[in-house]
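Asks: Sharing coords-v4.txt, compact mmCIF, C-alpha atoms:
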```txt
# COMPACT_ATOMS: atom_id res chain seq x y z
CA MET Q 1 -30.84 0.52 -20.88
CA SER Q 2 -34.41 1.33 -21.77
CA TYR Q 3 -36.64 -1.56 -20.67
CA THR Q 4 -39.53 -1.14 -18.24
CA GLY Q 5 -38.52 -0.18 -14.72
CA ILE Q 6 -35.16 1.43 -15.51
CA ASP Q 7 -35.03 4.77 -13.74
CA TRP Q 8 -31.52 5.78 -14.85
CA SER Q 9 -28.34 4.28 -16.34
CA GLU Q 10 -24.65 5.20 -16.33
CA ILE Q 11 -22.36 3.87 -19.08
CA THR Q 12 -18.57 3.68 -18.93
CA ALA Q 13 -16.40 2.70 -21.93
CA TYR Q 14 -13.09 0.98 -21.15
CA ASP Q 15 -11.57 -0.10 -24.48
CA ILE Q 16 -11.90 0.15 -28.27
CA ASN Q 17 -10.33 -1.97 -31.03
CA ASP Q 18 -9.18 -0.93 -34.51
CA SER Q 19 -12.65 -1.63 -35.96
CA GLY Q 20 -14.35 0.83 -33.63
CA TYR Q 21 -15.84 -1.84 -31.36
CA VAL Q 22 -16.19 -0.55 -27.81
CA VAL Q 23 -16.65 -2.45 -24.53
CA GLY Q 24 -17.43 -1.32 -20.99
CA GLU Q 25 -20.18 -1.49 -18.40
CA VAL Q 26 -23.68 -0.21 -17.69
CA ILE Q 27 -24.93 0.44 -14.16
CA SER Q 28 -28.66 1.02 -13.88
CA CYS Q 29 -31.38 1.58 -11.29
CA ASN Q 30 -34.39 -0.70 -11.70
CA ASN Q 31 -37.29 0.69 -9.67
CA GLU Q 32 -39.54 -2.28 -10.51
CA VAL Q 33 -37.62 -4.51 -8.08
CA TYR Q 34 -38.50 -3.59 -4.52
CA TYR Q 35 -36.77 -4.26 -1.20
CA PRO Q 36 -37.63 -2.78 2.21
CA ASP Q 37 -35.06 0.01 2.08
CA PRO Q 38 -33.58 0.71 -1.40
CA ASP Q 39 -35.39 2.94 -3.84
CA CYS Q 40 -34.18 0.74 -6.67
CA PHE Q 41 -32.28 -2.43 -7.52
CA TYR Q 42 -28.81 -1.73 -8.94
CA GLU Q 43 -27.94 -3.80 -12.00
CA GLU Q 44 -24.49 -4.08 -13.56
CA TRP Q 45 -24.06 -5.29 -17.15
CA SER Q 46 -21.14 -5.58 -19.51
CA MET Q 47 -21.84 -3.63 -22.69
CA SER Q 48 -20.65 -3.17 -26.27
CA TRP Q 49 -21.00 -0.43 -28.87
CA ASP Q 50 -19.72 -0.33 -32.45
CA VAL Q 51 -19.11 2.53 -34.83
CA GLU Q 52 -21.37 1.11 -37.57
CA SER Q 53 -24.61 0.55 -35.63
CA ARG Q 54 -23.89 3.22 -33.01
CA THR Q 55 -26.09 1.36 -30.54
CA THR Q 56 -25.30 0.14 -27.04
CA LYS Q 57 -25.90 -3.55 -26.29
CA GLU Q 58 -26.15 -5.08 -22.82
CA LEU Q 59 -24.23 -8.35 -22.95
CA ARG Q 60 -24.39 -10.10 -19.58
CA GLN Q 61 -25.67 -9.17 -16.14
CA GLU Q 62 -23.30 -9.00 -13.15
CA SER Q 63 -20.21 -8.48 -15.31
CA VAL Q 64 -17.99 -5.78 -16.76
CA ALA Q 65 -16.03 -5.91 -20.05
CA THR Q 66 -12.61 -4.29 -19.63
CA SER Q 67 -10.81 -4.96 -22.94
CA VAL Q 68 -11.37 -6.05 -26.54
CA ASN Q 69 -8.79 -7.14 -29.14
CA ASN Q 70 -8.76 -6.77 -32.92
CA ASN Q 71 -10.25 -10.23 -33.37
CA GLY Q 72 -13.34 -9.16 -31.45
CA TYR Q 73 -12.51 -11.17 -28.33
CA GLN Q 74 -13.39 -9.49 -25.07
CA THR Q 75 -12.28 -10.03 -21.52
CA GLY Q 76 -13.55 -8.75 -18.22
CA ASN Q 77 -14.78 -9.64 -14.76
CA ASP Q 78 -17.69 -12.03 -14.45
CA GLY Q 79 -19.95 -12.93 -11.55
CA ILE Q 80 -19.42 -9.64 -9.72
CA GLY Q 81 -20.34 -10.10 -6.08
CA ILE Q 82 -20.34 -13.90 -6.47
CA GLU Q 83 -17.65 -16.20 -5.10
CA PRO Q 84 -15.35 -17.24 -6.60
CA HIS Q 85 -14.84 -14.20 -8.79
CA GLY Q 86 -14.20 -15.22 -12.41
CA PHE Q 87 -13.46 -13.77 -15.83
CA PHE Q 88 -14.36 -14.41 -19.45
CA VAL Q 89 -12.67 -14.51 -22.86
CA ALA Q 90 -15.22 -14.63 -25.65
CA LYS Q 91 -16.75 -12.94 -28.67
CA GLU Q 92 -19.96 -10.92 -28.24
CA TYR Q 93 -22.25 -12.79 -25.83
CA TYR Q 94 -20.28 -15.07 -23.53
CA GLU Q 95 -21.52 -18.11 -21.71
CA GLU Q 96 -18.42 -19.59 -20.09
CA THR Q 97 -16.81 -18.22 -16.94
CA ARG Q 98 -13.16 -19.02 -16.27
CA PHE Q 99 -12.20 -19.07 -12.61
CA TYR Q 100 -8.87 -18.15 -11.07
CA GLU Q 101 -8.01 -21.80 -10.43
CA GLY Q 102 -5.67 -22.11 -7.47
CA PHE Q 103 -6.06 -18.42 -6.70
CA GLY Q 104 -8.72 -16.19 -5.20
CA TYR Q 105 -10.32 -12.89 -6.13
CA GLY Q 106 -9.00 -11.25 -9.31
CA SER Q 107 -9.44 -8.55 -11.93
CA THR Q 108 -8.63 -8.58 -15.64
CA TYR Q 109 -7.48 -5.45 -17.48
CA ALA Q 110 -6.28 -6.25 -21.02
CA ILE Q 111 -6.31 -8.84 -23.82
CA ASN Q 112 -3.96 -8.89 -26.84
CA ASP Q 113 -4.54 -10.29 -30.32
CA LEU Q 114 -3.14 -13.66 -29.19
CA ASN Q 115 -5.98 -13.84 -26.63
CA GLN Q 116 -3.53 -13.51 -23.72
CA VAL Q 117 -5.04 -11.79 -20.69
CA VAL Q 118 -3.37 -9.83 -17.89
CA GLY Q 119 -4.56 -8.46 -14.57
CA SER Q 120 -4.16 -9.08 -10.84
CA ILE Q 121 -4.98 -12.15 -8.72
CA GLN Q 122 -5.08 -12.85 -5.00
CA VAL Q 123 -2.55 -15.17 -3.34
CA LYS Q 124 -1.98 -16.08 0.29
CA ASN Q 125 0.67 -14.29 2.34
CA SER Q 126 1.98 -17.15 4.47
CA ALA Q 127 4.88 -18.90 2.69
CA ASN Q 128 3.48 -17.40 -0.53
CA SER Q 129 1.22 -20.44 -0.80
CA LEU Q 130 -1.80 -20.37 -3.09
CA LEU Q 131 -5.37 -20.60 -1.92
CA GLY Q 132 -7.76 -22.97 -3.66
CA SER Q 133 -10.70 -21.09 -5.14
CA ASP Q 134 -13.13 -23.67 -3.68
CA SER Q 135 -11.75 -23.64 -0.13
CA TYR Q 136 -13.86 -22.37 2.76
CA GLU Q 137 -11.12 -19.92 3.75
CA MET Q 138 -10.98 -18.46 0.24
CA SER Q 139 -14.77 -18.15 0.13
CA GLU Q 140 -14.81 -16.26 3.41
CA ILE Q 141 -12.01 -13.90 2.31
CA ASN Q 142 -13.70 -13.28 -1.04
CA LYS Q 143 -16.94 -12.45 0.77
CA ILE Q 144 -15.14 -9.81 2.83
CA ILE Q 145 -13.31 -8.43 -0.22
CA ASN Q 146 -16.56 -8.11 -2.18
CA GLN Q 147 -18.19 -6.25 0.72
CA PHE Q 148 -15.14 -4.04 1.05
CA SER Q 149 -15.21 -3.34 -2.69
CA ARG Q 150 -18.71 -1.89 -2.45
CA ILE Q 151 -17.80 0.31 0.52
CA THR Q 152 -14.60 1.67 -1.07
CA SER Q 153 -15.81 1.90 -4.67
CA GLY Q 154 -15.69 5.69 -4.55
CA THR Q 155 -12.28 5.98 -2.92
CA ILE Q 156 -10.23 8.65 -4.70
CA GLY Q 157 -6.76 7.80 -6.00
CA GLU Q 158 -6.80 4.05 -5.41
CA TYR Q 159 -6.41 1.66 -8.34
CA SER Q 160 -7.28 -1.66 -6.74
CA THR Q 161 -9.30 -2.74 -3.73
CA ALA Q 162 -6.68 -5.37 -2.96
CA HIS Q 163 -3.93 -2.77 -2.99
CA LEU Q 164 -5.93 -0.42 -0.82
CA ILE Q 165 -6.26 -3.12 1.84
CA GLU Q 166 -2.56 -3.97 1.54
CA ASP Q 167 -1.60 -0.32 1.98
CA LEU Q 168 -3.74 -0.16 5.11
CA GLN Q 169 -2.34 -3.45 6.40
CA ASN Q 170 1.20 -2.15 6.00
CA SER Q 171 0.46 1.30 7.41
CA LYS Q 172 1.25 2.51 10.92
CA ILE Q 173 -2.34 3.70 11.35
CA SER Q 174 -4.40 1.69 13.81
CA SER Q 175 -7.13 -0.40 12.20
CA GLY Q 176 -9.87 1.67 13.85
CA LYS Q 177 -8.51 4.93 12.46
CA ALA Q 178 -7.87 3.26 9.09
CA ALA Q 179 -11.48 2.10 8.90
CA LYS Q 180 -12.75 5.57 9.75
CA ASN Q 181 -10.40 7.03 7.13
CA VAL Q 182 -11.69 4.67 4.44
CA ILE Q 183 -15.30 5.50 5.21
CA THR Q 184 -14.50 9.21 4.98
CA LYS Q 185 -12.56 8.88 1.71
CA SER Q 186 -15.18 6.69 0.10
CA GLY Q 187 -17.79 9.43 0.37
CA PHE Q 188 -20.19 7.28 2.41
CA ASN Q 189 -23.78 7.76 1.30
CA GLU Q 190 -26.55 5.85 3.07
CA SER Q 191 -28.56 5.61 -0.15
CA GLU Q 192 -25.81 3.70 -1.99
CA TYR Q 193 -24.19 1.00 0.14
CA TYR Q 194 -26.35 -2.05 0.83
CA ASN Q 195 -25.61 -5.27 2.64
CA GLU Q 196 -25.00 -8.48 0.75
CA ASP Q 197 -28.68 -9.46 0.63
CA LEU Q 198 -29.88 -5.93 -0.18
CA ILE Q 199 -32.21 -6.11 2.81
CA HIS Q 200 -30.91 -3.17 4.82
CA LEU Q 201 -28.31 -0.43 4.53
CA TRP Q 202 -24.81 -0.90 5.94
CA ASP Q 203 -24.43 1.70 8.65
CA LYS Q 204 -21.04 3.11 9.59
CA GLU Q 205 -20.53 0.57 12.38
CA GLU Q 206 -21.15 -2.31 9.96
CA GLN Q 207 -18.81 -0.75 7.43
CA GLN Q 208 -16.09 -0.48 10.05
CA ALA Q 209 -16.53 -4.15 10.98
CA ILE Q 210 -16.16 -5.17 7.31
CA ILE Q 211 -13.07 -3.01 6.89
CA GLU Q 212 -11.53 -4.42 10.07
CA ALA Q 213 -12.12 -7.96 8.74
CA ALA Q 214 -10.57 -7.04 5.39
CA LEU Q 215 -7.52 -5.60 7.11
CA ALA Q 216 -7.08 -8.85 9.04
CA SER Q 217 -7.30 -11.08 5.93
CA ASN Q 218 -4.14 -12.97 5.03
CA TYR Q 219 -3.51 -12.40 1.33
CA LYS Q 220 -1.74 -10.30 -1.26
CA SER Q 221 -2.28 -9.68 -4.98
CA GLU Q 222 0.09 -10.31 -7.87
CA ALA Q 223 0.13 -9.54 -11.58
CA PHE Q 224 -0.88 -12.49 -13.75
CA LEU Q 225 -0.72 -13.66 -17.36
CA TRP Q 226 -3.34 -16.07 -18.74
CA ASP Q 227 -3.71 -17.99 -22.00
CA GLU Q 228 -5.91 -20.92 -22.99
CA GLU Q 229 -3.01 -23.38 -23.14
CA ASN Q 230 -1.15 -22.57 -19.91
CA GLY Q 231 -3.85 -21.07 -17.71
CA ILE Q 232 -2.97 -18.56 -14.95
CA GLU Q 233 0.66 -17.65 -14.34
CA SER Q 234 1.65 -15.26 -11.55
CA ILE Q 235 4.48 -13.04 -12.82
CA GLY Q 236 5.62 -11.86 -9.40
CA THR Q 237 6.52 -8.47 -7.96
CA LEU Q 238 9.48 -6.08 -7.76
CA GLY Q 239 10.24 -7.40 -4.30
CA GLY Q 240 7.21 -5.98 -2.54
CA SER Q 241 3.92 -7.54 -1.52
CA TRP Q 242 1.73 -6.77 -4.56
CA SER Q 243 1.66 -5.98 -8.27
CA THR Q 244 -0.87 -5.39 -11.06
CA ALA Q 245 -0.53 -5.85 -14.84
CA PHE Q 246 -2.46 -3.26 -16.84
CA ASP Q 247 -1.59 -4.06 -20.47
CA ILE Q 248 -0.05 -6.62 -22.82
CA ASN Q 249 0.98 -6.18 -26.48
CA ASP Q 250 0.98 -8.73 -29.30
CA HIS Q 251 4.57 -9.79 -28.44
CA GLY Q 252 3.49 -10.89 -24.98
CA GLN Q 253 5.20 -7.93 -23.29
CA VAL Q 254 3.42 -6.85 -20.11
CA VAL Q 255 3.45 -3.59 -18.15
CA GLY Q 256 1.98 -2.46 -14.85
CA TYR Q 257 3.18 -1.44 -11.42
CA SER Q 258 4.44 -3.13 -8.27
CA ASP Q 259 5.07 -2.46 -4.60
CA ILE Q 260 8.79 -2.19 -3.76
CA GLY Q 261 8.34 -1.77 0.00
CA ASN Q 262 8.35 1.29 2.25
CA ASP Q 263 4.93 2.33 0.87
CA GLU Q 264 6.46 2.94 -2.59
CA TYR Q 265 5.60 1.46 -5.99
CA ARG Q 266 7.26 1.47 -9.42
CA ALA Q 267 6.27 0.84 -13.03
CA PHE Q 268 7.42 -2.49 -14.46
CA TYR Q 269 8.02 -4.21 -17.77
CA TRP Q 270 7.79 -8.03 -18.06
CA ASP Q 271 8.44 -10.63 -20.74
CA SER Q 272 8.91 -14.40 -20.57
CA GLU Q 273 12.68 -14.22 -21.18
CA ASN Q 274 13.69 -11.33 -18.92
CA GLY Q 275 11.06 -11.50 -16.19
CA MET Q 276 9.93 -8.37 -14.35
CA ILE Q 277 12.11 -5.26 -14.78
CA GLU Q 278 11.67 -1.96 -12.94
CA LEU Q 279 11.33 0.93 -15.37
CA PRO Q 280 13.54 4.00 -14.77
CA SER Q 281 12.04 6.65 -12.52
CA ASN Q 282 13.09 9.78 -10.69
CA GLY Q 283 12.81 8.05 -7.35
CA LYS Q 284 9.09 8.75 -7.09
CA ASN Q 285 6.13 6.42 -7.46
CA SER Q 286 5.38 5.37 -11.04
CA ILE Q 287 2.78 3.36 -12.99
CA ALA Q 288 2.94 1.88 -16.51
CA ARG Q 289 -0.53 1.94 -18.09
CA ALA Q 290 -0.12 0.76 -21.69
CA ILE Q 291 2.39 -0.70 -24.16
CA ASN Q 292 2.18 -0.79 -27.96
CA ASN Q 293 3.71 -3.30 -30.37
CA ASN Q 294 6.77 -1.06 -30.82
CA GLY Q 295 7.71 -1.35 -27.15
CA GLN Q 296 6.64 2.20 -26.29
CA ILE Q 297 5.10 2.47 -22.82
CA VAL Q 298 3.03 5.28 -21.33
CA GLY Q 299 2.18 5.93 -17.71
CA GLU Q 300 2.85 8.21 -14.78
CA ASN Q 301 6.01 9.24 -12.93
CA ASP Q 302 5.44 12.60 -11.27
CA GLY Q 303 3.36 13.44 -14.36
CA PRO Q 304 2.75 11.71 -17.71
CA VAL Q 305 5.75 9.85 -19.12
CA MET Q 306 6.78 7.52 -21.95
CA TRP Q 307 9.38 4.75 -21.77
CA GLU Q 308 10.85 2.87 -24.74
CA ILE Q 309 12.02 -0.71 -24.32
CA THR Q 310 15.36 -1.65 -25.91
CA LEU Q 311 16.47 -5.09 -24.77
CA PRO Q 312 19.46 -7.02 -26.17
CA GLU Q 313 18.50 -9.52 -28.84
CA SER Q 314 18.62 -13.13 -27.70
CA GLU Q 315 21.33 -15.27 -29.32
```
Starting from the file, give its structure as structure tokens.
Replies:
Amino acid sequence: MSYTGIDWSEITAYDINDSGYVVGEVISCNNEVYYPDPDCFYEEWSMSWDVESRTTKELRQESVATSVNNNGYQTGNDGIGIEPHGFFVAKEYYEETRFYEGFGYGSTYAINDLNQVVGSIQVKNSANSLLGSDSYEMSEINKIINQFSRITSGTIGEYSTAHLIEDLQNSKISSGKAAKNVITKSGFNESEYYNEDLIHLWDKEEQQAIIEAALASNYKSEAFLWDEENGIESIGTLGGSWSTAFDINDHGQVVGYSDIGNDEYRAFYWDSENGMIELPSNGKNSIARAINNNGQIVGENDGPVMWEITLPESE
């Protein structure tokens, strides 16, 4: 980003299609916007880049583009820091935000050439009931989660804010020690973490209060599948309290990972006929990151690994 006031920018690319079209995000420091404490105003934009023009374009403020398919359709998270958290499915510049109707906070990770989207959405723990995205309770929980996301954005080794909170909720560590542990892991820096109104810095006591509130929130996250016709569908877990879908191929086959209890998680494969299936592992934690149209899956299981799906043909 090169307009007046931009002090620095960081660009991250998340996906590329077969035409060389890249999507990702830009985070910049705008020193022309002043508040009492910060040195600059942090702006987050979704971005694109293509192999022909070799130029970076900022697409929409307060968003991040996570995936692009071969038809040029992108998906990603929209309205970052705004409740309810939404997502988009569009070409180039996008105007319409789709909300996680009937659910809460969510994240999208991949889109296939059928414009099906996968990711992770928030559901309520009690009786596995869903929270309305416009309810007061959901708004309050989302507010806490968004604050928590900023505090823990630098946490090493965690793949989802929701899962981090769930791990802490299920741990035997007291909430006070857990909060202190999160602050330590996140590499707390007083120049980076601002309160919701960007008026003053969150000190360590405020951070601990936010973390304690997040730990007390009553929700879990589950992998989802979305398409324009059917909307959001939660595809469940492997018996534990959370799951995340990381990729989907053009056959509608989904992969990701799920909690199985006892602080363990396993890679999964899912399709509409067979449901969620745990992928073979050596008894250690595993994650499935991507699946191609040949049913080959790559991920981690005590190191990099590839699985190949061979399911019986339906009669």
Asks: For Gly20 of chain Q, list every protein, DNA or RNA residue within 7 Å, evaluated using all atoms listed in the file, and leave out those in the same chain fewer than 3 positions away; present the list as an MDAnalysis selection string.
Replies: chainID Q and resid 16:17 50:51
Asks: Just how far from atom CA of Val117 of chain Q is atom CA of Tyr105 of chain Q, in Å to one decimal?
Replies: 15.5 Å
Asks: Which residues come within 6 Å of Trp226 of chain Q, counting all atoms listed in the file, excluding same-chain residues fewer than 5 positions away, as a PyMOL selection string?
Replies: chain Q and resi 116-117+231-232
Asks: Would you output that residue set with C-alpha atoms, as an mmCIF file, keeping the file's coordinate frame?
Replies:
```
data_model
loop_
_atom_site.group_PDB
_atom_site.id
_atom_site.type_symbol
_atom_site.label_atom_id
_atom_site.label_comp_id
_atom_site.auth_asym_id
_atom_site.auth_seq_id
_atom_site.Cartn_x
_atom_site.Cartn_y
_atom_site.Cartn_z
ATOM 1 C CA GLN Q 116 -3.530 -13.510 -23.720
ATOM 2 C CA VAL Q 117 -5.040 -11.790 -20.690
ATOM 3 C CA GLY Q 231 -3.850 -21.070 -17.710
ATOM 4 C CA ILE Q 232 -2.970 -18.560 -14.950
#
```
Asks: Quick one: distance from atom CA of Tyr109 of chain Q to atom CA of Glu52 of chain Q in Å, one decimal?
Replies: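 Separating atom CA of Tyr109 of chain Q from atom CA of Glu52 of chain Q is a distance of 25.3 Å.
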Asks: Atom CA of Pro304 of chain Q and atom CA of Gly236 of chain Q, how far apart in Å?
Replies: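 Between atom CA of Gly236 of chain Q and atom CA of Pro304 of chain Q the gap is 25.2 Å.
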Asks: Which residue, Q:Ser241, Q:Asp203, Q:Lys284, Q:Ala290, has the smallest gap to Gly303 of chain Q when you use only C-alpha atoms?
Replies: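 Selected residue with least distance to Gly303 of chain Q: Q:Lys284.
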Asks: For Ile297 of chain Q, list every protein, DNA or RNA residue within 7 Å, evaluated using all atoms listed in the file, and leave out those in the same chain fewer than 6 positions away; present the list as a list in words.
Replies: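 In the requested form, the answer reads Ala288, Ala290, Ile291, Met306, Trp307 and Glu308 of chain Q.
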